[in-house]
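Asker: This is the content of work-v2.txt (compact mmCIF, C-alpha atoms):
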# COMPACT_ATOMS: atom_id res chain seq x y z
CA MET A 14 0.00 0.00 0.00
CA ALA A 15 2.87 2.36 0.72
CA GLY A 16 4.18 1.80 -2.77
CA ASN A 17 0.78 2.73 -4.25
CA SER A 18 0.63 5.92 -2.21
CA ALA A 19 4.12 6.90 -3.29
CA ALA A 20 3.27 6.27 -6.92
CA GLY A 21 0.16 8.44 -6.53
CA ASN A 22 2.31 11.32 -5.29
CA ARG A 23 4.56 11.13 -8.35
CA THR A 24 1.88 11.10 -11.05
CA THR A 25 -1.88 11.39 -11.52
CA VAL A 26 -4.43 9.93 -13.89
CA ASP A 27 -4.62 13.27 -15.76
CA GLU A 28 -0.86 13.39 -16.25
CA PRO A 29 0.28 10.02 -17.53
CA ARG A 30 3.99 9.48 -17.99
CA PRO A 31 5.51 7.50 -20.82
CA ILE A 32 7.09 4.29 -19.70
CA THR A 33 10.82 4.78 -20.20
CA ALA A 34 13.95 3.08 -18.98
CA ALA A 35 14.68 6.13 -16.81
CA ASN A 36 11.26 6.03 -15.18
CA THR A 37 11.53 2.29 -14.57
CA ALA A 38 14.96 2.70 -12.99
CA ALA A 39 13.73 5.54 -10.79
CA GLU A 40 10.79 3.47 -9.58
CA ALA A 41 13.05 0.51 -8.93
CA GLU A 42 15.35 2.75 -6.88
CA ALA A 43 12.39 4.12 -4.91
CA GLU A 44 11.17 0.62 -4.13
CA THR A 45 14.67 -0.47 -3.18
CA ALA A 46 15.05 2.49 -0.86
CA ALA A 47 11.77 1.73 0.92
CA PRO A 48 12.34 0.48 4.47
CA PRO A 49 12.01 -3.28 4.88
CA VAL A 50 9.23 -4.92 6.82
CA PRO A 51 10.13 -5.11 10.54
CA LEU A 52 11.62 -8.49 11.35
CA ARG A 53 8.85 -9.35 13.81
CA ARG A 54 6.30 -8.96 10.97
CA ASN A 55 8.37 -10.88 8.41
CA LEU A 56 6.23 -14.01 8.33
CA ARG A 57 8.61 -16.00 6.12
CA PHE A 58 11.52 -15.41 8.45
CA GLN A 59 9.49 -16.10 11.59
CA ALA A 60 8.04 -19.31 10.11
CA LEU A 61 11.50 -20.54 9.09
CA TRP A 62 12.85 -19.58 12.50
CA ALA A 63 10.04 -21.49 14.25
CA GLY A 64 10.77 -24.58 12.15
CA GLN A 65 14.45 -24.36 12.94
CA ALA A 66 13.72 -23.83 16.62
CA ALA A 67 11.62 -27.01 16.63
CA ALA A 68 14.36 -28.94 14.83
CA SER A 69 17.04 -27.66 17.23
CA LEU A 70 14.99 -28.56 20.30
CA GLY A 71 14.28 -32.02 18.93
CA MET A 72 17.98 -32.56 18.23
CA ARG A 73 18.93 -31.51 21.76
CA VAL A 74 16.31 -33.78 23.28
CA GLY A 75 17.60 -36.63 21.13
CA ASP A 76 21.22 -35.96 22.13
CA THR A 77 20.27 -36.87 25.70
CA ALA A 78 17.47 -39.36 25.15
CA PHE A 79 19.11 -41.61 22.55
CA PRO A 80 22.17 -42.51 24.67
CA LEU A 81 19.85 -43.21 27.60
CA LEU A 82 17.78 -45.52 25.40
CA VAL A 83 20.88 -47.34 24.09
CA LEU A 84 22.16 -47.75 27.64
CA ALA A 85 18.82 -49.18 28.78
CA LEU A 86 18.71 -51.48 25.77
CA THR A 87 22.27 -52.81 25.92
CA GLY A 88 23.64 -51.93 29.35
CA SER A 89 26.85 -50.79 27.61
CA SER A 90 28.21 -47.27 28.05
CA THR A 91 30.42 -47.84 25.01
CA ALA A 92 27.36 -48.54 22.87
CA ALA A 93 25.67 -45.44 24.33
CA GLY A 94 28.64 -43.32 23.29
CA ALA A 95 28.67 -44.93 19.86
CA PHE A 96 25.34 -43.30 18.99
CA GLY A 97 26.76 -39.78 19.25
CA ALA A 98 30.01 -40.84 17.57
CA VAL A 99 28.20 -42.31 14.55
CA GLN A 100 26.04 -39.20 14.25
CA MET A 101 28.99 -36.78 14.41
CA ILE A 102 31.21 -38.81 12.07
CA THR A 103 28.44 -39.03 9.48
CA THR A 104 27.92 -35.28 9.62
CA LEU A 105 31.65 -34.65 9.19
CA LEU A 106 32.01 -37.13 6.31
CA LEU A 107 29.02 -35.77 4.37
CA GLY A 108 29.39 -32.11 5.34
CA ILE A 109 31.55 -31.14 2.36
CA HIS A 110 29.13 -32.79 -0.08
CA GLY A 111 26.24 -31.10 1.70
CA GLY A 112 27.77 -27.70 0.98
CA ALA A 113 28.26 -28.58 -2.69
CA VAL A 114 24.64 -29.75 -2.95
CA ALA A 115 23.45 -26.46 -1.42
CA ASP A 116 25.30 -24.57 -4.16
CA ARG A 117 24.18 -26.71 -7.10
CA LEU A 118 20.67 -28.01 -6.40
CA ASP A 119 17.39 -26.42 -5.42
CA ARG A 120 17.94 -25.47 -1.78
CA ARG A 121 14.30 -25.67 -0.79
CA ARG A 122 13.99 -29.21 -2.14
CA VAL A 123 17.18 -30.20 -0.30
CA LEU A 124 15.72 -28.85 2.95
CA ILE A 125 12.38 -30.60 2.44
CA THR A 126 14.10 -33.89 1.60
CA SER A 127 16.39 -33.66 4.64
CA ASP A 128 13.55 -32.81 7.02
CA ALA A 129 11.41 -35.63 5.62
CA ALA A 130 14.27 -38.11 6.06
CA ARG A 131 14.81 -37.00 9.66
CA LEU A 132 11.08 -37.33 10.33
CA LEU A 133 11.09 -40.91 9.02
CA ALA A 134 14.18 -41.80 11.07
CA ALA A 135 12.71 -40.30 14.24
CA THR A 136 9.33 -41.98 13.70
CA SER A 137 10.92 -45.40 13.25
CA VAL A 138 12.09 -45.46 16.88
CA PRO A 139 8.74 -45.24 18.73
CA VAL A 140 7.19 -47.51 16.09
CA ALA A 141 9.86 -50.17 16.67
CA MET A 142 9.44 -49.78 20.43
CA ALA A 143 5.68 -50.27 20.11
CA PHE A 144 6.26 -53.60 18.33
CA ASP A 145 9.18 -54.58 20.58
CA ARG A 146 11.52 -54.70 17.57
CA LEU A 147 14.06 -52.08 18.58
CA THR A 148 17.71 -53.16 18.20
CA LEU A 149 21.12 -51.52 18.49
CA PRO A 150 21.83 -51.72 14.72
CA HIS A 151 18.51 -49.94 14.12
CA LEU A 152 19.49 -47.14 16.50
CA LEU A 153 22.92 -46.76 14.93
CA LEU A 154 21.27 -46.48 11.51
CA VAL A 155 19.04 -43.77 12.97
CA ALA A 156 22.16 -41.99 14.24
CA ALA A 157 23.70 -42.12 10.76
CA ALA A 158 20.47 -40.86 9.16
CA ILE A 159 20.23 -37.93 11.59
CA GLY A 160 23.89 -37.08 11.02
CA ALA A 161 23.35 -37.13 7.26
CA THR A 162 20.32 -34.83 7.45
CA MET A 163 22.35 -32.39 9.55
CA ALA A 164 25.09 -32.34 6.89
CA TYR A 165 22.64 -31.45 4.11
CA SER A 166 20.12 -29.28 5.94
CA GLY A 167 22.63 -27.27 8.00
CA PRO A 168 24.03 -25.08 5.18
CA VAL A 169 20.61 -24.74 3.53
CA ARG A 170 18.92 -23.59 6.74
CA MET A 171 21.56 -20.90 7.21
CA LEU A 172 21.13 -19.72 3.62
CA ALA A 173 17.33 -19.88 3.72
CA VAL A 174 16.97 -17.58 6.71
CA ARG A 175 19.29 -15.02 5.17
CA SER A 176 17.47 -15.08 1.85
CA VAL A 177 14.21 -13.83 3.38
CA VAL A 178 15.55 -10.85 5.37
CA ALA A 179 16.87 -7.50 4.17
CA PRO A 180 20.68 -7.11 4.33
CA GLU A 181 20.41 -4.38 6.96
CA GLN A 182 18.38 -6.75 9.17
CA LEU A 183 20.86 -9.60 8.94
CA ALA A 184 22.56 -8.91 12.27
CA GLN A 185 19.17 -8.71 14.03
CA ALA A 186 18.01 -11.94 12.38
CA LEU A 187 21.20 -13.74 13.37
CA ALA A 188 20.85 -12.51 16.95
CA GLN A 189 17.35 -13.99 17.08
CA ASP A 190 18.76 -17.21 15.66
CA GLU A 191 21.28 -17.27 18.52
CA ALA A 192 18.36 -17.27 20.97
CA ARG A 193 17.04 -20.37 19.19
CA LEU A 194 20.33 -22.23 19.42
CA ASN A 195 21.05 -21.39 23.03
CA GLY A 196 17.45 -21.83 24.17
CA ALA A 197 17.44 -25.34 22.69
CA ALA A 198 20.83 -26.10 24.27
CA LEU A 199 19.51 -25.04 27.67
CA ALA A 200 16.04 -26.61 27.51
CA GLY A 201 16.81 -29.82 25.60
CA PRO A 202 18.64 -31.96 28.20
CA PRO A 203 16.26 -31.35 31.15
CA LEU A 204 13.25 -31.74 28.85
CA ALA A 205 14.65 -35.06 27.63
CA GLY A 206 15.06 -36.27 31.20
CA PHE A 207 11.54 -35.21 32.10
CA LEU A 208 10.00 -36.88 29.04
CA TYR A 209 12.02 -40.04 29.58
CA GLY A 210 10.62 -40.22 33.09
CA LEU A 211 7.10 -40.28 31.64
CA GLY A 212 7.91 -43.32 29.50
CA GLY A 213 10.70 -44.73 27.38
CA ALA A 214 9.02 -43.80 24.07
CA VAL A 215 7.86 -40.30 25.06
CA PRO A 216 11.07 -38.38 24.20
CA PHE A 217 11.11 -39.97 20.75
CA LEU A 218 7.51 -39.06 20.15
CA GLY A 219 8.65 -35.56 21.01
CA THR A 220 11.49 -35.66 18.48
CA THR A 221 9.05 -36.97 15.88
CA PHE A 222 6.70 -34.05 16.57
CA THR A 223 9.47 -31.43 16.33
CA SER A 224 10.71 -33.03 13.10
CA LEU A 225 7.19 -32.76 11.71
CA LEU A 226 7.04 -29.06 12.63
CA ALA A 227 10.36 -28.44 10.86
CA LEU A 228 9.12 -30.23 7.73
CA VAL A 229 5.86 -28.24 7.70
CA SER A 230 7.87 -25.01 7.93
CA ALA A 231 10.04 -26.06 4.97
CA LEU A 232 6.94 -26.97 2.93
CA VAL A 233 5.06 -23.76 3.69
CA VAL A 234 7.78 -21.14 3.36
CA ARG A 235 9.12 -20.33 -0.09
CA PHE A 236 12.62 -18.90 -0.47
CA PRO A 237 15.11 -18.60 -3.36
CA GLY A 238 16.00 -22.13 -4.36
CA ARG A 239 19.17 -21.54 -6.37
CA PRO A 240 22.13 -19.21 -5.92
CA ALA A 241 21.45 -17.50 -9.26
CA ASP A 242 17.92 -16.57 -8.09
CA ALA A 243 19.35 -14.02 -5.70
CA ARG A 244 21.63 -12.29 -8.20
CA PRO A 245 20.21 -8.99 -9.45
CA ASN A 246 22.48 -8.94 -12.52
CA HIS A 247 21.06 -12.19 -13.96
CA GLU A 248 18.54 -11.24 -16.65
CA PRO A 249 15.98 -13.50 -18.31
CA GLY A 250 17.07 -14.83 -21.68
CA THR A 251 20.75 -14.84 -20.79
CA ALA A 252 22.83 -17.88 -19.93
CA GLU A 253 22.39 -18.82 -16.29
CA PRO A 254 25.59 -18.21 -14.30
CA GLN A 255 27.28 -21.41 -13.27
CA PRO A 256 28.74 -22.04 -9.83
CA GLU A 257 32.38 -21.12 -9.58
CA SER A 258 34.68 -23.98 -10.45
CA GLY A 259 36.66 -25.76 -7.79
CA GLY A 260 34.35 -28.57 -6.83
CA ALA A 261 33.32 -29.51 -3.33
CA LEU A 262 36.61 -28.29 -1.82
CA ALA A 263 36.23 -24.76 -3.19
CA GLY A 264 34.99 -23.57 0.20
CA PHE A 265 38.17 -24.69 1.94
CA ARG A 266 40.33 -23.04 -0.72
CA LEU A 267 38.47 -19.74 -0.43
CA LEU A 268 38.80 -19.71 3.36
CA ALA A 269 42.49 -20.55 3.12
CA ALA A 270 43.06 -17.75 0.59
CA SER A 271 41.58 -15.05 2.86
CA PRO A 272 44.02 -13.91 5.59
CA LEU A 273 41.16 -12.53 7.67
CA LEU A 274 38.88 -15.56 7.48
CA ARG A 275 41.87 -17.85 8.00
CA SER A 276 42.82 -16.01 11.20
CA VAL A 277 39.23 -15.86 12.46
CA LEU A 278 38.67 -19.57 11.90
CA GLY A 279 42.00 -20.39 13.52
CA VAL A 280 41.01 -18.58 16.73
CA LEU A 281 37.52 -20.09 16.78
CA LEU A 282 38.96 -23.56 16.21
CA VAL A 283 41.30 -23.15 19.18
CA VAL A 284 38.49 -21.84 21.41
CA ASN A 285 36.20 -24.70 20.34
CA LEU A 286 38.90 -27.26 20.98
CA ALA A 287 39.67 -25.86 24.44
CA GLY A 288 35.96 -25.68 25.30
CA ALA A 289 35.47 -29.33 24.43
CA ALA A 290 38.65 -30.32 26.27
CA LEU A 291 37.72 -28.73 29.59
CA VAL A 292 34.33 -30.46 30.03
CA LEU A 293 35.63 -33.86 31.12
CA PRO A 294 38.26 -32.58 33.63
CA VAL A 295 35.70 -30.15 35.08
CA MET A 296 33.20 -32.97 35.58
CA VAL A 297 35.83 -35.22 37.21
CA LEU A 298 37.11 -32.47 39.49
CA LEU A 299 33.65 -31.33 40.58
CA ARG A 300 32.70 -34.93 41.32
CA GLU A 301 35.86 -35.33 43.42
CA GLN A 302 34.79 -32.21 45.33
CA GLY A 303 31.47 -33.86 46.17
CA THR A 304 29.25 -32.13 43.60
CA GLY A 305 26.33 -34.29 42.46
CA SER A 306 25.28 -34.94 38.88
CA GLY A 307 22.58 -32.27 39.07
CA GLY A 308 25.06 -29.68 40.29
CA ILE A 309 27.53 -30.56 37.56
CA GLY A 310 24.83 -30.23 34.93
CA LEU A 311 23.79 -26.82 36.26
CA ALA A 312 27.41 -25.66 36.35
CA LEU A 313 27.98 -26.64 32.71
CA ALA A 314 24.75 -24.83 31.74
CA GLY A 315 26.46 -21.52 32.49
CA GLU A 316 27.62 -21.13 28.90
CA ALA A 317 24.12 -21.58 27.47
CA VAL A 318 22.65 -19.14 29.99
CA GLY A 319 25.37 -16.62 29.20
CA ALA A 320 24.80 -17.04 25.48
CA LEU A 321 21.07 -16.39 25.90
CA ALA A 322 21.90 -13.15 27.69
CA GLY A 323 24.58 -12.33 25.13
CA ALA A 324 22.17 -12.61 22.21
CA VAL A 325 20.74 -9.18 23.09
CA LEU A 326 24.24 -7.66 23.25
CA VAL A 327 25.28 -8.55 19.70
CA SER A 328 24.61 -5.18 18.06
CA ARG A 329 26.12 -3.24 20.97
CA LEU A 330 29.31 -5.31 21.01
CA HIS A 331 29.65 -5.01 17.24
CA ARG A 332 29.45 -1.22 17.54
CA MET A 333 32.05 -1.15 20.30
CA ALA A 334 34.81 -3.05 18.48
CA GLY A 335 35.85 -4.38 15.11
CA PRO A 336 35.51 -8.10 14.36
CA GLY A 337 39.15 -8.96 15.04
CA ALA A 338 39.37 -7.01 18.28
CA LEU A 339 36.08 -8.45 19.51
CA LEU A 340 37.22 -11.97 18.67
CA LEU A 341 40.49 -11.55 20.55
CA VAL A 342 38.79 -10.08 23.64
CA VAL A 343 36.30 -12.95 23.87
CA ALA A 344 39.00 -15.54 23.14
CA TRP A 345 41.32 -14.23 25.85
CA ALA A 346 38.37 -14.09 28.27
CA THR A 347 38.12 -17.89 27.90
CA VAL A 348 41.75 -18.46 28.92
CA PRO A 349 41.23 -18.41 32.73
CA VAL A 350 37.93 -20.32 32.62
CA PRO A 351 39.54 -23.82 32.85
CA LEU A 352 41.02 -22.71 36.17
CA ALA A 353 37.59 -21.84 37.64
CA PRO A 354 37.08 -25.30 39.25
CA LEU A 355 40.31 -24.79 41.19
CA LEU A 356 38.93 -21.67 42.88
CA PRO A 357 36.60 -21.57 45.92
CA GLY A 358 32.95 -21.95 45.10
CA GLY A 359 33.02 -25.17 43.10
CA ALA A 360 30.05 -25.46 40.75
CA VAL A 361 29.01 -21.83 41.30
CA THR A 362 32.42 -20.57 40.17
CA VAL A 363 32.35 -22.82 37.12
CA PHE A 364 28.87 -21.56 36.22
CA ALA A 365 30.03 -17.93 36.55
CA GLY A 366 33.11 -18.50 34.40
CA LEU A 367 31.17 -20.23 31.66
CA PHE A 368 28.47 -17.54 31.85
CA VAL A 369 31.05 -14.82 31.13
CA VAL A 370 32.38 -16.76 28.16
CA GLY A 371 28.86 -17.39 26.88
CA LEU A 372 28.11 -13.66 26.81
CA GLY A 373 30.46 -13.16 23.88
CA LEU A 374 29.71 -16.28 21.85
CA PRO A 375 26.61 -14.99 20.01
CA SER A 376 28.59 -11.97 18.84
CA LEU A 377 31.31 -14.25 17.48
CA ARG A 378 28.85 -16.48 15.62
CA VAL A 379 27.11 -13.49 14.10
CA MET A 380 30.51 -12.00 13.29
CA LEU A 381 31.51 -15.09 11.34
CA ASP A 382 28.21 -15.08 9.47
CA LEU A 383 28.56 -11.42 8.57
CA LEU A 384 32.13 -11.82 7.35
CA VAL A 385 31.25 -14.81 5.20
CA PHE A 386 27.92 -13.58 3.86
CA ARG A 387 29.17 -10.10 3.04
CA GLN A 388 32.32 -11.29 1.26
CA VAL A 389 31.60 -14.69 -0.28
CA PRO A 390 29.67 -14.99 -3.59
CA ASP A 391 26.29 -16.63 -3.22
CA GLU A 392 27.20 -19.47 -5.56
CA LEU A 393 29.97 -20.48 -3.12
CA ARG A 394 28.23 -19.86 0.19
CA GLY A 395 26.98 -23.39 0.72
CA ARG A 396 30.46 -24.82 0.31
CA VAL A 397 32.04 -22.14 2.50
CA ILE A 398 29.47 -22.74 5.24
CA ALA A 399 30.06 -26.48 5.05
CA ALA A 400 33.83 -25.99 5.19
CA THR A 401 33.48 -23.70 8.19
CA MET A 402 31.18 -26.07 10.04
CA THR A 403 33.50 -28.99 9.30
CA LEU A 404 36.57 -27.17 10.58
CA LEU A 405 34.92 -25.96 13.76
CA THR A 406 33.18 -29.26 14.49
CA ALA A 407 36.39 -31.24 13.95
CA GLY A 408 37.97 -29.46 16.91
CA MET A 409 35.40 -30.83 19.34
CA PRO A 410 36.25 -34.55 19.17
CA ALA A 411 39.94 -33.60 19.10
CA GLY A 412 39.51 -31.64 22.32
CA THR A 413 37.56 -34.43 24.00
CA LEU A 414 40.17 -37.01 23.00
CA GLY A 415 43.02 -34.77 24.14
CA SER A 416 41.49 -34.17 27.56
CA GLY A 417 40.96 -37.92 27.99
CA LEU A 418 44.63 -38.54 27.22
CA LEU A 419 45.66 -35.86 29.72
CA LEU A 420 43.48 -37.40 32.44
CA ASP A 421 45.07 -40.79 31.81
CA HIS A 422 48.44 -39.38 32.91
CA PHE A 423 47.71 -36.34 35.08
CA SER A 424 45.25 -35.13 37.71
CA PRO A 425 42.25 -33.01 36.66
CA SER A 426 43.93 -29.92 38.14
CA VAL A 427 47.05 -30.42 36.05
CA ALA A 428 44.95 -31.15 32.96
CA LEU A 429 42.98 -27.91 33.39
CA ALA A 430 46.18 -25.91 33.93
CA GLY A 431 47.61 -27.48 30.77
CA ILE A 432 44.50 -26.55 28.75
CA THR A 433 44.82 -22.96 29.98
CA ALA A 434 48.49 -22.77 29.03
CA LEU A 435 47.94 -24.31 25.59
CA LEU A 436 45.04 -21.96 24.87
CA ALA A 437 47.09 -18.90 25.84
CA VAL A 438 50.07 -19.97 23.72
CA ALA A 439 47.82 -20.75 20.73
CA LEU A 440 46.26 -17.27 20.87
CA LEU A 441 49.57 -15.40 20.78
CA PRO A 442 50.11 -15.56 16.97
CA ALA A 443 46.56 -14.35 16.31
CA THR A 444 46.98 -11.52 18.80
CA ALA A 445 50.11 -10.38 16.96
CA SER A 446 48.31 -10.44 13.59
CA ARG A 447 47.74 -6.97 12.14
CA THR A 448 45.16 -8.37 9.74
CA LEU A 449 43.02 -9.53 12.63
CA ARG A 450 43.51 -6.54 14.93
CA ARG A 451 42.72 -4.01 12.21
CA ALA A 452 39.78 -5.85 10.64
CA VAL A 453 36.63 -3.80 10.13
CA TRP A 454 33.03 -4.79 9.68
CA PRO A 455 31.96 -5.31 6.06
CA THR A 456 29.54 -2.66 4.90
CA ALA A 457 26.32 -3.41 3.05
CA PRO A 458 25.88 -1.73 -0.35
CA ALA A 459 24.55 1.78 0.11
CA PRO A 460 20.96 2.31 -1.07
CA SER A 461 20.57 4.23 -4.32
CA GLN A 462 19.84 7.92 -3.98
CA ALA A 463 16.78 9.38 -5.63
In structure tokens, what does this structure look like?

Answerer:
Amino acid sequence: MAGNSAAGNRTTVDEPRPITAANTAAEAEAETAAPPVPLRRNLRFQALWAGQAAASLGMRVGDTAFPLLVLALTGSSTAAGAFGAVQMITTLLLGIHGGAVADRLDRRRVLITSDAARLLAATSVPVAMAFDRLTLPHLLLVAAAIGATMAYSGPVRMLAVRSVVAPEQLAQALAQDEARLNGAALAGPPLAGFLYGLGGAVPFLGTTFTSLLALVSALVVRFPGRPADARPNHEPGTAEPQPESGGALAGFRLLAASPLLRSVLGVLLVVNLAGAALVLPVMVLLREQGTGSGGIGLALAGEAVGALAGAVLVSRLHRMAGPGALLLVVAWATVPVPLAPLLPGGAVTVFAGLFVVGLGLPSLRVMLDLLVFRQVPDELRGRVIAATMTLLTAGMPAGTLGSGLLLDHFSPSVALAGITALLAVALLPATASRTLRRAVWPTAPAPSQA
């Protein structure tokens, strides 16, 4: 309606204008300059966000409920751990191909197919339980199926959300997405425990329901399906631009060729690795101090609580510092956190330390998205996202394995001190990097002037 009113102010019925290229360009500029719909009223974004929130919550519930089910079925903690291992390994192995698929095939169809596959995998568990046919091989196949759907739907979901919001609203949209991720991380484990207490099949009925909600969202919401759809310089009747050559590994090569992105990813990889490495020693040390399982769980929830609070600080932190400076400040703030269990206060001190770290994490995730999405061509974004997710995810099992090896030879206190020292040493080269310290936020293209 606003567009109609504006058009009425420019011309009247008594004074028709000839349709010329200049007039068309002027009208296009006026429409482009019009303010975008507020994010809260952007129904496509909110519907996609709701579907992703349901999928994230279902995944978090499953992360807790599936190992409990495997343990009850087999009595083996090794088998219980195998579920998560199979899921993560499948995601890592297929992640690169998932990025290539996001760049070459219709993204909406990929998302619908992935969500449908996850729904079928989730539904098979309560159905098998109802007929008393549930087995460990079945559950491991479910783990592989879920891991595969994450590899293919992950890049597409990130691209879909960004394709339905205006560029100037991207930071706000990503901040809202952070609330989804951290809310699911915080609510998922206790919800899984509660549902499991109601009955062995109840959590899996819940994951089936959330998978259905995610699929409905993908079916209902339309968004650009191919990279070329979003390019304003692609005109009908001309040859459709082809994705940049380089194959599935093009994302890795692009990241490696950018000094800024290479430095940013290096710091985030180190922080991720250290974060994964400190969990096991913290749990062992708190248990030695007499903290119960509930207290340990609450202490480790500090990061998710901090990240929920930090989601509202994203814009403010981005205004206060450039991307490199902000990254270094948050990274160095994590250095003393592994020492928190050694201080008085036990679980409370651990919670406080993780809370402080969590405050900065949403800003870092949004920072990475902004750097990639403002600098990487759309036809490469799927592969770059997949490469980024692969690199950052790979640090987690490495950190867990490393902390286990440290605990085999040293006490938890020594292991935590070692993690602190290694993290500090690893951050020194990045801190000395001029490229990182002087990095500035990418600017969106300025709107055309009338």

Asker: So how many Å separate atom CA of A:Trp454 and atom CA of A:Ala66, to one decimal?

Answerer: 28.0 Å

Asker: Please provide as a PyMOL selection string all residues within 10 Å of A:Leu153, with the sequence filter that same-chain residues fewer than 5 positions apart are discarded (counting only C-alpha atoms).

Answerer: chain A and resi 79+83+92-93+95-100+148+158-159

Asker: Which residue out of A:Val348, A:Ala192, A:Leu286, A:Ala338 has the minimum interatomic distance to A:Ala434 when only C-alpha atoms are used?

Answerer: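 The shortest atom-to-atom distance to A:Ala434 comes from A:Val348.
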
Asker: Identify which of the residues A:Arg117, A:Arg57, A:Arg122, A:Arg394 lies closest to A:Gly264, counting only C-alpha atoms when measuring atom-to-atom distances.

Answerer: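 Closest to A:Gly264 of all the choices is A:Arg394.
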
Asker: Please put the answer as JSON: centre and edge lengths, in Å with one decimal, of a box along x, y and z that encloses all listed atoms of stretch 57-76 of chain A plus 8 Å on each side.

Answerer:
{"center_x": 14.6, "center_y": -26.0, "center_z": 14.7, "size_x": 29.2, "size_y": 37.2, "size_z": 33.2}

Asker: Kindly provide the residues of stretch 95-134 of chain A that approach stretch 404-414 of chain A to within 12 Å, each paired with its closest atom pair and their distance in Å to one decimal, based on all atoms listed in the file, listed by chain and increasing number, as CSV.

Answerer:
residue,atom,partner,partner_atom,distance
A:Gly97,CA,A:Pro410,CA,10.8
A:Ala98,CA,A:Pro410,CA,9.0
A:Met101,CA,A:Thr406,CA,8.6
A:Ile102,CA,A:Ala407,CA,9.4
A:Thr103,CA,A:Thr406,CA,12.0
A:Thr104,CA,A:Thr406,CA,9.4
A:Leu105,CA,A:Ala407,CA,7.5
A:Leu106,CA,A:Ala407,CA,10.6
A:Gly108,CA,A:Leu404,CA,10.2
A:Ile109,CA,A:Leu404,CA,10.4

Asker: Take atom CA of A:Asp391 and atom CA of A:Ala60 and report the distance between them in Å, one decimal.

Answerer: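 Those two atoms sit 22.8 Å apart.
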
Asker: Kindly indicate which residue among A:Ala141, A:Met72, A:Leu84, A:Ala324 lies nearest to A:Met163, using all atoms listed in the file for the distances.

Answerer: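 That would be A:Met72, the residue with the smallest distance to A:Met163.
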
Asker: Just to confirm, what's the straight-line distance from atom CA of A:Val397 to atom CA of A:Val174 in Å (one decimal)?

Answerer: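 Computed distance, atom CA of A:Val397 to atom CA of A:Val174, equals 16.3 Å.
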
Asker: Identify which of the residues A:Val453, A:Leu436, A:Leu377, A:Ala322 lies closest to A:Val350, counting only C-alpha atoms when measuring atom-to-atom distances.

Answerer: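 Closest residue, counting only C-alpha atoms: A:Leu436.
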
Asker: Could you check the closest approach to A:Pro425 for each of A:Gly337, A:Pro375, A:Pro294, A:Pro351 and tell me which residue wins, using only C-alpha atoms?

Answerer: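 Ranking A:Gly337, A:Pro375, A:Pro294, A:Pro351 by distance to A:Pro425, first place goes to A:Pro294.
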
Asker: With only C-alpha atoms as the basis for distance, which of A:Gly315, A:Gly71, A:Gly359, A:Pro139 is at the shortest distance from A:Gly303?

Answerer: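 Looking at the shortest contact to A:Gly303, the residue is A:Gly359.
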
Asker: Tell me, as a short mmCIF file (atom, residue, chain, number, x, y, z; two decimals) with C-alpha atoms, in the coordinates of the input, which residues lie within 8 Å of stretch 363-373 of chain A, counting only C-alpha atoms; anything in the same chain fewer than 6 positions away does not count.

Answerer:
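The resulting file, part_7.cif, is shown below:
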data_model
loop_
_atom_site.label_atom_id
_atom_site.label_comp_id
_atom_site.auth_asym_id
_atom_site.auth_seq_id
_atom_site.Cartn_x
_atom_site.Cartn_y
_atom_site.Cartn_z
CA LEU A 311 23.79 -26.82 36.26
CA ALA A 312 27.41 -25.66 36.35
CA LEU A 313 27.98 -26.64 32.71
CA ALA A 314 24.75 -24.83 31.74
CA GLY A 315 26.46 -21.52 32.49
CA GLU A 316 27.62 -21.13 28.90
CA ALA A 317 24.12 -21.58 27.47
CA VAL A 318 22.65 -19.14 29.99
CA GLY A 319 25.37 -16.62 29.20
CA ALA A 320 24.80 -17.04 25.48
CA LEU A 321 21.07 -16.39 25.90
CA ALA A 322 21.90 -13.15 27.69
CA GLY A 323 24.58 -12.33 25.13
CA ALA A 324 22.17 -12.61 22.21
CA LEU A 326 24.24 -7.66 23.25
CA VAL A 343 36.30 -12.95 23.87
CA ALA A 346 38.37 -14.09 28.27
CA THR A 347 38.12 -17.89 27.90
CA VAL A 350 37.93 -20.32 32.62
CA ALA A 353 37.59 -21.84 37.64
CA PRO A 354 37.08 -25.30 39.25
#

Asker: Which residues, protein or nucleic acid, reach to within 8 Å of (31.8, -28.7, 5.7) in the file's coordinates when using only C-alpha atoms, and can you give that as a PyMOL selection string?

Answerer: chain A and resi 105+107-112+164+396-404

Asker: Could you give me, as an mmCIF file with C-alpha atoms, in the frame of the given file, the residues within 9 Å of A:Ile309, counting all atoms listed in the file and dropping anything in the same chain fewer than 5 positions from it?

Answerer:
data_model
loop_
_atom_site.group_PDB
_atom_site.id
_atom_site.type_symbol
_atom_site.label_atom_id
_atom_site.label_comp_id
_atom_site.auth_asym_id
_atom_site.auth_seq_id
_atom_site.Cartn_x
_atom_site.Cartn_y
_atom_site.Cartn_z
ATOM 1 C CA VAL A 295 35.700 -30.150 35.080
ATOM 2 C CA MET A 296 33.200 -32.970 35.580
ATOM 3 C CA LEU A 299 33.650 -31.330 40.580
ATOM 4 C CA ARG A 300 32.700 -34.930 41.320
ATOM 5 C CA THR A 304 29.250 -32.130 43.600
ATOM 6 C CA ALA A 314 24.750 -24.830 31.740
ATOM 7 C CA ALA A 360 30.050 -25.460 40.750
#
